[in-house]
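Reproduced below: start13.csv, with CSV, C-alpha atoms.
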chain,number,residue,atom,x,y,z
A,255,MET,CA,61.8,88.0,143.4
A,256,LYS,CA,60.4,90.4,140.8
A,257,ALA,CA,59.2,89.1,137.5
A,258,SER,CA,61.6,89.8,134.6
A,259,PRO,CA,59.9,89.2,131.3
A,260,ALA,CA,62.6,88.8,128.7
A,261,ALA,CA,60.4,90.7,126.2
A,262,HIS,CA,57.8,93.4,126.3
A,263,ASP,CA,55.8,94.8,123.4
A,264,GLY,CA,54.1,98.0,124.7
A,265,LYS,CA,52.7,101.2,123.3
A,266,ALA,CA,55.7,103.3,124.3
A,267,LEU,CA,58.4,100.7,124.7
A,268,PHE,CA,59.6,97.5,123.3
A,269,TRP,CA,62.3,95.4,124.9
A,270,GLU,CA,63.9,92.0,124.4
A,271,LEU,CA,66.8,90.1,125.6
A,272,ARG,CA,68.9,88.6,122.8
A,273,GLU,CA,72.3,86.9,123.0
A,274,GLY,CA,73.2,88.7,126.3
A,275,VAL,CA,72.1,92.1,125.1
A,276,ILE,CA,68.9,93.9,126.3
A,277,GLU,CA,67.5,96.1,123.6
A,278,LEU,CA,65.1,98.8,124.7
A,279,ALA,CA,63.3,100.6,121.9
A,280,LEU,CA,61.4,103.9,122.3
A,281,ARG,CA,58.4,104.1,120.0
A,282,ARG,CA,55.8,106.6,121.1
A,283,GLU,CA,54.8,109.0,118.4
A,284,PRO,CA,55.6,111.7,117.5
A,285,CYS,CA,59.1,111.7,119.0
A,286,ASN,CA,59.0,109.6,122.2
A,287,GLU,CA,57.9,112.4,124.5
A,288,ILE,CA,58.0,111.1,128.0
A,289,GLY,CA,54.7,111.4,129.7
A,290,SER,CA,52.7,109.1,132.0
A,291,LEU,CA,52.4,106.3,129.5
A,292,SER,CA,56.1,106.2,128.8
A,293,LEU,CA,56.9,106.5,132.4
A,294,ASP,CA,54.6,103.6,133.3
A,295,GLU,CA,56.4,101.4,130.8
A,296,LEU,CA,59.8,102.7,131.8
A,297,GLU,CA,59.0,101.6,135.4
A,298,ARG,CA,57.9,98.2,134.1
A,299,PHE,CA,61.2,98.0,132.4
A,300,ALA,CA,63.1,99.1,135.5
A,301,ASP,CA,61.3,96.3,137.5
A,302,ALA,CA,62.2,93.7,134.8
A,303,PHE,CA,65.7,95.1,134.4
A,304,GLU,CA,67.0,93.8,137.7
A,305,GLY,CA,66.2,90.3,136.6
A,306,LEU,CA,67.3,90.8,133.0
A,307,GLN,CA,70.7,92.0,134.2
A,308,ARG,CA,71.6,88.5,135.4
A,309,GLU,CA,71.4,87.2,131.9
A,310,ALA,CA,72.9,90.2,130.0
A,311,HIS,CA,76.2,92.0,129.6
A,312,ALA,CA,74.8,95.1,127.8
A,313,LEU,CA,71.8,97.3,127.4
A,314,ILE,CA,71.1,99.3,124.2
A,315,ILE,CA,68.5,102.0,124.2
A,316,TYR,CA,67.4,103.3,120.9
A,317,SER,CA,64.4,104.8,119.1
A,318,ASP,CA,62.2,103.1,116.5
A,319,LEU,CA,61.0,106.5,115.2
A,320,LYS,CA,62.5,108.5,112.4
A,321,ALA,CA,62.1,111.8,114.1
A,322,GLY,CA,64.7,111.1,116.6
A,323,PHE,CA,65.8,109.5,119.9
A,324,CYS,CA,63.5,111.4,122.2
A,325,ALA,CA,62.2,115.0,122.4
A,326,GLY,CA,62.1,115.0,126.2
A,327,ALA,CA,59.2,115.4,128.6
A,328,ASP,CA,55.7,115.5,127.3
A,329,LEU,CA,55.1,119.2,127.8
A,330,ARG,CA,51.6,119.1,126.4
A,331,GLU,CA,50.5,116.5,129.0
A,332,LEU,CA,52.4,118.4,131.7
A,333,TYR,CA,50.5,121.6,130.8
A,334,GLN,CA,47.1,119.9,130.5
A,335,ARG,CA,47.4,118.1,133.8
A,336,SER,CA,48.6,121.1,135.6
A,337,GLN,CA,45.7,123.1,134.2
A,338,ALA,CA,43.2,120.5,135.5
A,339,MET,CA,44.3,120.8,139.2
A,340,ASP,CA,45.2,123.4,141.7
A,341,LYS,CA,48.8,124.6,142.0
A,342,ALA,CA,49.6,122.5,145.1
A,343,GLU,CA,48.3,119.3,143.4
A,344,ALA,CA,50.1,120.1,140.2
A,345,LEU,CA,53.4,120.6,142.1
A,346,LYS,CA,52.9,117.4,144.0
A,347,GLY,CA,52.3,115.6,140.7
A,348,VAL,CA,55.4,117.1,139.1
A,349,ARG,CA,57.5,116.0,142.1
A,350,ASP,CA,56.1,112.5,142.0
A,351,PHE,CA,56.8,112.3,138.3
A,352,LEU,CA,60.4,113.4,138.8
A,353,GLU,CA,61.0,111.0,141.7
A,354,ARG,CA,59.7,108.1,139.5
A,355,ILE,CA,61.8,109.0,136.4
A,356,HIS,CA,64.8,109.5,138.6
A,357,ARG,CA,64.4,106.1,140.1
A,358,VAL,CA,64.4,104.6,136.5
A,359,LEU,CA,67.3,106.6,135.3
A,360,ASN,CA,69.4,106.0,138.4
A,361,LEU,CA,68.9,102.3,138.0
A,362,ILE,CA,70.1,102.5,134.4
A,363,ASP,CA,73.0,104.8,135.4
A,364,ALA,CA,74.1,102.4,138.1
A,365,ALA,CA,73.5,99.1,136.3
A,366,PRO,CA,76.4,96.7,136.6
A,367,LEU,CA,76.2,95.9,132.9
A,368,THR,CA,77.3,98.4,130.2
A,369,THR,CA,74.7,100.6,128.8
A,370,ILE,CA,74.6,102.2,125.4
A,371,ALA,CA,72.4,104.9,124.0
A,372,ALA,CA,72.2,104.7,120.2
A,373,VAL,CA,70.8,108.1,119.2
A,374,HIS,CA,69.7,109.8,116.1
A,375,GLY,CA,67.7,113.0,115.3
A,376,VAL,CA,66.2,114.9,118.1
A,377,THR,CA,67.8,114.1,121.4
A,378,PHE,CA,66.4,116.9,123.5
A,379,GLY,CA,65.7,117.6,127.2
A,380,GLY,CA,64.6,114.5,128.9
A,381,GLY,CA,65.7,112.4,125.9
A,382,PHE,CA,69.2,113.9,126.3
A,383,GLU,CA,69.0,113.0,130.0
A,384,LEU,CA,68.1,109.4,129.2
A,385,ALA,CA,71.1,109.2,127.0
A,386,LEU,CA,73.3,110.7,129.7
A,387,ALA,CA,72.3,108.0,132.1
A,388,CYS,CA,74.0,105.5,129.8
A,389,ASP,CA,77.7,104.6,129.8
A,390,LEU,CA,78.3,105.3,126.1
A,391,ILE,CA,76.5,107.4,123.6
A,392,ILE,CA,76.8,106.2,120.0
A,393,SER,CA,75.4,108.9,117.7
A,394,ASP,CA,74.1,109.0,114.1
A,395,LYS,CA,75.7,112.0,112.5
A,396,MET,CA,72.3,113.6,112.2
A,397,ALA,CA,71.6,113.6,115.9
A,398,ARG,CA,71.0,116.9,117.7
A,399,PHE,CA,71.4,117.5,121.4
A,400,CYS,CA,69.8,120.3,123.4
A,401,PHE,CA,68.6,121.4,126.8
A,402,PRO,CA,65.8,123.8,125.9
A,403,GLU,CA,64.3,124.0,129.4
A,404,LEU,CA,65.4,127.5,130.2
A,405,ARG,CA,63.0,128.9,127.6
A,406,LEU,CA,60.2,127.5,129.8
A,407,GLY,CA,61.7,129.0,132.9
A,408,LEU,CA,62.9,125.6,134.1
A,409,ILE,CA,66.0,123.5,134.4
A,410,PRO,CA,66.4,120.0,133.1
A,411,GLY,CA,64.6,117.8,135.6
A,412,PHE,CA,65.6,114.2,134.7
A,413,GLY,CA,69.1,114.4,136.2
A,414,GLY,CA,70.7,116.2,133.3
A,415,ILE,CA,72.8,118.8,135.1
A,416,PRO,CA,74.4,116.5,137.7
A,417,ARG,CA,75.2,113.9,135.0
A,418,LEU,CA,76.6,116.4,132.6
A,419,LYS,CA,78.7,117.9,135.4
A,420,ARG,CA,80.0,114.4,136.2
A,421,ASP,CA,80.9,113.8,132.6
A,422,LEU,CA,82.0,117.2,131.1
A,423,GLY,CA,83.7,120.4,132.1
A,424,ASN,CA,81.6,123.0,133.9
A,425,ALA,CA,82.1,125.6,131.1
A,426,VAL,CA,80.5,123.2,128.6
A,427,VAL,CA,77.7,122.5,130.9
A,428,ARG,CA,77.0,126.2,131.3
A,429,ASP,CA,77.0,126.7,127.5
A,430,LEU,CA,74.5,124.0,127.0
A,431,LEU,CA,72.3,125.0,129.9
A,432,LEU,CA,72.4,128.8,129.7
A,433,THR,CA,72.2,129.3,125.9
A,434,GLY,CA,69.7,126.4,125.3
A,435,ARG,CA,71.3,126.0,121.9
A,436,SER,CA,71.3,122.6,120.2
A,437,PHE,CA,74.4,121.1,118.8
A,438,ASN,CA,75.2,118.3,116.4
A,439,ALA,CA,76.9,114.9,116.9
A,440,THR,CA,80.3,116.2,115.7
A,441,LYS,CA,80.3,118.9,118.4
A,442,ALA,CA,79.1,116.3,120.9
A,443,GLN,CA,82.0,114.1,120.2
A,444,GLN,CA,84.4,117.0,120.3
A,445,ILE,CA,83.3,117.9,123.8
A,446,GLY,CA,83.6,114.3,125.0
A,447,LEU,CA,79.9,113.5,125.2
A,448,VAL,CA,79.6,111.1,122.4
A,449,SER,CA,81.9,108.1,122.0
A,450,GLN,CA,81.3,107.3,118.3
A,451,VAL,CA,79.7,109.2,115.5
A,452,VAL,CA,78.4,107.0,112.6
A,453,ALA,CA,76.7,107.5,109.3
A,454,GLU,CA,73.0,108.1,109.0
A,455,GLY,CA,71.0,105.1,110.1
A,456,GLU,CA,74.0,103.2,111.5
A,457,ALA,CA,73.8,104.0,115.2
A,458,LEU,CA,72.0,100.8,116.3
A,459,ARG,CA,74.2,98.6,114.2
A,460,ALA,CA,77.3,100.3,115.7
A,461,ALA,CA,75.8,99.9,119.2
A,462,ARG,CA,75.2,96.2,118.6
A,463,ALA,CA,78.8,95.7,117.4
A,464,THR,CA,80.0,97.5,120.5
A,465,ALA,CA,77.7,95.4,122.7
A,466,ALA,CA,79.1,92.2,121.1
A,467,GLN,CA,82.6,93.4,122.0
A,468,LEU,CA,81.7,94.0,125.6
A,469,GLY,CA,80.5,90.4,125.8
A,470,LYS,CA,84.1,89.2,125.5
A,471,PHE,CA,85.1,90.7,128.9
A,472,ASP,CA,84.6,89.4,132.4
A,473,LEU,CA,81.3,90.9,133.7
A,474,ASP,CA,82.4,91.3,137.3
A,475,THR,CA,85.5,93.2,136.2
A,476,ALA,CA,83.5,95.4,133.9
A,477,ALA,CA,81.1,96.1,136.7
A,478,ALA,CA,83.9,96.9,139.1
A,479,ALA,CA,85.5,99.3,136.6
A,480,LYS,CA,82.2,101.0,136.1
A,481,ARG,CA,81.5,101.5,139.8
A,482,PHE,CA,85.0,103.0,140.2
A,483,ILE,CA,84.7,105.5,137.3
A,484,LYS,CA,81.0,106.4,137.3
A,485,PRO,CA,79.7,107.6,140.7
A,486,ILE,CA,76.0,108.4,140.9
A,487,PRO,CA,75.7,112.0,142.0
A,488,HIS,CA,72.8,111.3,144.4
A,489,GLU,CA,73.0,114.5,146.4
A,490,GLU,CA,72.9,116.7,143.3
A,491,LEU,CA,70.1,114.7,141.8
A,492,ARG,CA,68.0,115.4,144.9
A,493,GLN,CA,68.9,119.1,144.7
A,494,GLU,CA,67.9,119.1,141.1
A,495,ILE,CA,64.4,117.8,141.9
A,496,ASP,CA,64.0,120.5,144.6
A,497,LEU,CA,65.2,123.3,142.3
A,498,PHE,CA,63.0,122.1,139.5
A,499,CYS,CA,59.9,122.1,141.8
A,500,GLU,CA,60.8,125.5,143.2
A,501,LEU,CA,61.0,126.9,139.7
A,502,PHE,CA,57.9,125.1,138.5
A,503,SER,CA,55.7,126.8,141.0
A,504,ARG,CA,56.4,130.3,139.4
A,505,PRO,CA,53.8,131.8,137.1
A,506,ALA,CA,56.5,132.2,134.3
A,507,VAL,CA,56.6,128.5,133.9
A,508,GLU,CA,52.8,128.2,133.3
A,509,ALA,CA,53.1,131.0,130.7
A,510,GLY,CA,56.1,129.3,129.1
A,511,LEU,CA,54.3,126.0,128.8
A,512,LYS,CA,51.1,127.6,127.5
A,513,LYS,CA,53.2,129.4,124.9
A,514,PHE,CA,54.8,126.2,123.8
A,515,VAL,CA,51.6,124.1,123.7
A,516,GLU,CA,49.7,126.8,121.8
A,517,SER,CA,52.6,127.7,119.5
A,518,THR,CA,52.1,127.7,115.8
A,519,GLU,CA,55.7,128.8,115.2
A,520,ALA,CA,57.7,126.9,112.6
A,521,GLN,CA,60.5,126.6,115.1
A,522,PRO,CA,59.0,125.9,118.5
A,523,TYR,CA,61.9,123.7,119.5
A,524,LEU,CA,64.4,126.5,119.0
A,525,PRO,CA,65.4,128.5,122.1
B,222,MET,CA,87.3,142.7,97.8
B,223,LYS,CA,83.6,143.3,97.7
B,224,ALA,CA,83.3,141.4,94.4
B,225,ASN,CA,85.1,138.4,96.1
B,226,ASP,CA,82.8,138.6,99.1
B,227,MET,CA,79.8,138.6,96.8
B,228,THR,CA,81.1,135.6,94.9
B,229,ALA,CA,81.6,133.7,98.1
B,230,ALA,CA,78.2,134.6,99.3
B,231,ASP,CA,76.6,133.6,96.0
B,232,HIS,CA,78.5,130.3,96.1
B,233,THR,CA,77.3,129.6,99.6
B,234,LEU,CA,73.7,130.5,98.6
B,235,ASP,CA,73.9,128.1,95.6
B,236,GLU,CA,75.2,125.3,97.8
B,237,ILE,CA,72.4,125.8,100.3
B,238,LEU,CA,69.8,125.7,97.5
B,239,ASN,CA,71.4,122.5,96.0
B,240,LEU,CA,71.6,120.8,99.4
B,241,ALA,CA,68.0,121.7,100.3
B,242,SER,CA,66.8,120.5,96.9
B,243,VAL,CA,68.5,117.1,97.2
B,244,HIS,CA,67.5,116.4,100.8
B,245,PHE,CA,64.0,117.7,100.8
B,246,LYS,CA,63.3,116.5,97.2
B,247,VAL,CA,62.2,119.8,95.8
B,248,PRO,CA,63.4,120.5,92.2
B,249,ARG,CA,66.3,123.0,92.3
B,250,GLU,CA,64.6,125.3,89.7
B,251,LYS,CA,61.7,125.8,92.1
B,252,LEU,CA,63.9,127.2,94.8
B,253,ASN,CA,64.8,130.9,94.8
B,254,PRO,CA,67.1,132.8,97.2
B,255,ASP,CA,64.4,135.0,98.6
B,256,ASP,CA,61.9,132.1,99.1
B,257,ASP,CA,60.6,131.4,102.6
B,258,PHE,CA,62.4,128.1,103.1
B,259,PHE,CA,59.7,126.6,105.4
B,260,LYS,CA,57.1,127.0,102.6
B,261,ALA,CA,59.4,126.3,99.7
B,262,LEU,CA,60.6,123.0,101.2
B,263,GLY,CA,57.4,122.2,103.1
B,264,ILE,CA,59.4,121.5,106.3
B,265,ASP,CA,58.3,121.5,109.9
B,266,SER,CA,60.3,122.4,113.0
B,267,LEU,CA,62.0,119.0,113.3
B,268,GLN,CA,63.0,119.1,109.6
B,269,THR,CA,64.3,122.6,110.2
B,270,LEU,CA,66.7,121.1,112.7
B,271,GLU,CA,67.7,118.5,110.1
B,272,LEU,CA,68.4,121.2,107.6
B,273,LEU,CA,70.5,123.0,110.2
B,274,THR,CA,72.5,119.9,110.9
B,275,ARG,CA,73.1,119.2,107.2
B,276,LEU,CA,74.2,122.7,106.7
B,277,GLU,CA,76.6,122.5,109.6
B,278,HIS,CA,78.1,119.3,108.3
B,279,HIS,CA,78.3,120.6,104.8
B,280,PHE,CA,80.0,123.8,105.6
B,281,HIS,CA,82.0,122.5,108.6
B,282,ILE,CA,80.6,125.2,110.8
B,283,GLU,CA,78.7,125.5,114.0
B,284,LEU,CA,75.5,127.6,113.7
B,285,PRO,CA,73.7,128.3,117.0
B,286,ASP,CA,70.0,127.9,116.4
B,287,TYR,CA,69.1,131.1,118.1
B,288,GLU,CA,70.9,132.8,115.2
B,289,LEU,CA,68.2,131.4,113.0
B,290,GLN,CA,65.4,133.0,114.9
B,291,GLY,CA,63.4,135.1,112.5
B,292,VAL,CA,65.4,133.8,109.5
B,293,THR,CA,63.0,132.5,106.9
B,294,ASP,CA,64.7,133.0,103.5
B,295,PHE,CA,67.7,131.3,101.9
B,296,ARG,CA,69.6,134.5,101.2
B,297,THR,CA,69.6,135.6,104.9
B,298,LEU,CA,70.5,132.0,105.9
B,299,ALA,CA,73.5,132.1,103.5
B,300,GLY,CA,74.6,135.3,105.2
B,301,LYS,CA,74.5,133.7,108.6
B,302,ILE,CA,76.5,130.8,107.3
B,303,GLN,CA,79.1,133.0,105.6
B,304,ALA,CA,79.6,134.8,108.9
B,305,ARG,CA,80.7,131.5,110.5
B,306,MET,CA,83.1,130.4,107.8
This entry written out as structure tokens:
Amino acid sequence: MKASPAAHDGKALFWELREGVIELALRREPCNEIGSLSLDELERFADAFEGLQREAHALIIYSDLKAGFCAGADLRELYQRSQAMDKAEALKGVRDFLERIHRVLNLIDAAPLTTIAAVHGVTFGGGFELALACDLIISDKMARFCFPELRLGLIPGFGGIPRLKRDLGNAVVRDLLLTGRSFNATKAQQIGLVSQVVAEGEALRAARATAAQLGKFDLDTAAAAKRFIKPIPHEELRQEIDLFCELFSRPAVEAGLKKFVESTEAQPYLP
Amino acid sequence: MKANDMTAADHTLDEILNLASVHFKVPREKLNPDDDFFKALGIDSLQTLELLTRLEHHFHIELPDYELQGVTDFRTLAGKIQARM
């Protein structure tokens, strides 16, 4: 049986089990970019999660940082690592990273307990994809959602497209993906992505209140309902990794990453 | 008709300046319509997104961020917002 520490106080993540609710906080400056450090800790969480689930009815994922929930993959690390190795090695490294993050997000997606992303501020790229793996998204009114990957010559790689397709209409998915525009919490609720929009600074409190409500129900029934309504799109998730790797090997991506990393523009996040 | 349009545009501009002043804690009298708002407010890219979100909520509009590409002054920003109202 795997160890399941009820609490973890790391550099990128903090988690604890409290009154049947697992709280997972993201806290890597500047905005929880997901690189090797965050992935290592997410994998530790995934290993502990299987044990923690037996004592919990809900998981809340939130950010401890003011800037936002998560700005997505650590593009600087991705660029620097890919520069330090040949193309075949870099591609292998990317595929390995994607396989690992998919394993974590698939575990969260398929968890028998109910999962809640409590988001605020920047919820971009891989951060958006982390939120999409959860059953419910509770959003601070100042949250902003975006898939900016096309500006780099890429698609979202942490399962975003298959999960969006599962949850929303295809036209909405195309809008988000192809324009790369960001949109606010009100819009996110209008299109059915966000279940609750709350005042600034209130997302975690609202998530805790929701988690307390979930604790009143029979866990097996809730798990059965979730299995019935929320299939994991495994085949499309595999295809997404393949397509991402195919796109990543093109020179345009290296140029896009270089431009982003070296950008001094005031609006590097804007598509 | 043109006078009405101007009034509406001026009103929008005034609201933007007030909102920016309050949220980014810059005295209103230090903000001018043709100021570069990045410099005037001292904001970075993430705070620019915050400004965009506040403006969308305030004016009840949706303003795609690619429409802000190249927009640096309050007056042009007001024009973009007016076009969405």
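Neighbours of stretch 372-378 of chain A closer than or equal to 7 Å, with all atoms listed in the file counted and sequence neighbours fewer than 4 positions away skipped, come out as Ile314, Ile315, Tyr316, Ala321, Gly322, Phe323, Cys324, Ala325, Gly326, Phe382, Ile391, Ile392, Ser393, Asp394, Met396, Ala397, Arg398, Phe399, Cys400, Phe401, Ala457, Leu458 and Ala461 of chain A.
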Considering all atoms listed in the file, can you say which of B:Glu271, B:His279, B:Phe258, B:Gly263 comes closest to B:Gly291?
B:Phe258
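The space between atom CA of A:His488 and atom CA of A:Asn424 spans 18.0 Å.
The gap separating atom CA of A:Ala300 from atom CA of A:Arg417 is 19.1 Å, in Å to one decimal.
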If the cut-off is 12 Å, can you tell me the residues of chain B near chain A, counting all atoms listed in the file? I'd like them as an MDAnalysis selection string.
chainID B and resid 257:260 263:279 281:293
Would you kindly return, as a short mmCIF file (atom, residue, chain, number, x, y, z; two decimals) with C-alpha atoms, in the coordinates of the input, each protein, DNA or RNA residue with an atom no farther than 10 Å from any atom of B:Pro248, considering all atoms listed in the file and excluding same-chain residues fewer than 3 positions away?
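Now in selection-v1.cif:
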data_model
loop_
_atom_site.label_atom_id
_atom_site.label_comp_id
_atom_site.auth_asym_id
_atom_site.auth_seq_id
_atom_site.Cartn_x
_atom_site.Cartn_y
_atom_site.Cartn_z
CA LEU B 238 69.80 125.70 97.50
CA ASN B 239 71.40 122.50 96.00
CA ALA B 241 68.00 121.70 100.30
CA SER B 242 66.80 120.50 96.90
CA VAL B 243 68.50 117.10 97.20
CA PHE B 245 64.00 117.70 100.80
CA LYS B 251 61.70 125.80 92.10
CA LEU B 252 63.90 127.20 94.80
CA LEU B 262 60.60 123.00 101.20
#
Report as a short mmCIF file (atom, residue, chain, number, x, y, z; two decimals) with C-alpha atoms, in the coordinates of the input all protein, DNA and RNA residues lying within 7 Å of stretch 472-481 of chain A, evaluated on only C-alpha atoms, omitting residues in the same chain fewer than 4 positions from it.
data_model
loop_
_atom_site.label_atom_id
_atom_site.label_comp_id
_atom_site.auth_asym_id
_atom_site.auth_seq_id
_atom_site.Cartn_x
_atom_site.Cartn_y
_atom_site.Cartn_z
CA HIS A 311 76.20 92.00 129.60
CA PRO A 366 76.40 96.70 136.60
CA LEU A 367 76.20 95.90 132.90
CA PRO A 485 79.70 107.60 140.70
#
Shell of 12 Å around A:Leu359, only C-alpha atoms, local chain residues under 5 positions omitted, as JSON, numbers by chain:
{"A": [293, 296, 297, 299, 300, 303, 352, 353, 354, 364, 365, 369, 380, 381, 382, 383, 384, 385, 386, 387, 388, 389, 411, 412, 413, 414, 417, 486, 488, 491]}
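Across the model, the gap from atom CA of A:Ala465 to atom CA of A:Leu278 is 13.2 Å.
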Just the residues within 7 Å of stretch 228-234 of chain B, please, counting all atoms listed in the file, with nothing from its chain fewer than 5 positions along; format it as a PyMOL selection string.
chain B and resi 295-296+299-300+303
Taking (80.3, 103.0, 118.2) as a centre in this file's frame and 7 Å as the limit, can you find every polymer residue with an atom that close, using all atoms listed in the file, and give them as a PyMOL selection string?
chain A and resi 392+449-451+460-461+464
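Residue nearest B:Phe280 within the list B:Arg249, B:Asp256, B:Ala261, B:Ile302: B:Ile302 [criterion: smallest interatomic distance, only C-alpha atoms].
Distances from B:Val247, B:Ala304, B:Asp294, B:Asn253 to B:Asp235 were compared using only C-alpha atoms, and the smallest one belongs to B:Asn253.
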I need every residue sitting at most 12 Å from the point (57.1, 93.7, 125.9) (coordinates as in the file, only C-alpha atoms considered), written as a ChimeraX atom specification.
/A:258-271,276-280,295-296,298-299,302
Some atoms are missing, so please complete stretch 254-268 of chain B with N, CA and C atoms and return it as a short mmCIF file (atom, residue, chain, number, x, y, z; two decimals), keeping the file's coordinate frame.
data_model
loop_
_atom_site.label_atom_id
_atom_site.label_comp_id
_atom_site.auth_asym_id
_atom_site.auth_seq_id
_atom_site.Cartn_x
_atom_site.Cartn_y
_atom_site.Cartn_z
N PRO B 254 66.42 132.32 95.97
CA PRO B 254 67.10 132.80 97.20
C PRO B 254 66.22 133.54 98.16
N ASP B 255 65.19 134.21 97.70
CA ASP B 255 64.40 135.00 98.60
C ASP B 255 63.10 134.22 99.07
N ASP B 256 63.02 132.95 98.71
CA ASP B 256 61.90 132.10 99.10
C ASP B 256 61.90 131.92 100.65
N ASP B 257 60.72 131.83 101.21
CA ASP B 257 60.60 131.40 102.60
C ASP B 257 60.87 129.86 102.56
N PHE B 258 61.97 129.46 103.23
CA PHE B 258 62.40 128.10 103.10
C PHE B 258 61.42 127.08 103.76
N PHE B 259 60.68 127.54 104.77
CA PHE B 259 59.70 126.60 105.40
C PHE B 259 58.63 126.26 104.36
N LYS B 260 58.18 127.28 103.64
CA LYS B 260 57.10 127.00 102.60
C LYS B 260 57.69 126.33 101.42
N ALA B 261 58.83 126.82 100.93
CA ALA B 261 59.40 126.30 99.70
C ALA B 261 59.74 124.78 99.83
N LEU B 262 60.23 124.43 101.03
CA LEU B 262 60.60 123.00 101.20
C LEU B 262 59.51 122.22 101.91
N GLY B 263 58.51 122.92 102.43
CA GLY B 263 57.40 122.20 103.10
C GLY B 263 57.90 121.53 104.37
N ILE B 264 58.76 122.20 105.15
CA ILE B 264 59.40 121.50 106.30
C ILE B 264 58.77 122.04 107.62
N ASP B 265 58.77 121.13 108.61
CA ASP B 265 58.30 121.50 109.90
C ASP B 265 59.50 121.79 110.83
N SER B 266 59.22 121.97 112.12
CA SER B 266 60.30 122.40 113.00
C SER B 266 61.40 121.30 113.13
N LEU B 267 60.99 120.03 113.16
CA LEU B 267 62.00 119.00 113.30
C LEU B 267 62.85 118.90 112.00
N GLN B 268 62.21 119.09 110.86
CA GLN B 268 63.00 119.10 109.60
C GLN B 268 63.87 120.31 109.49
#
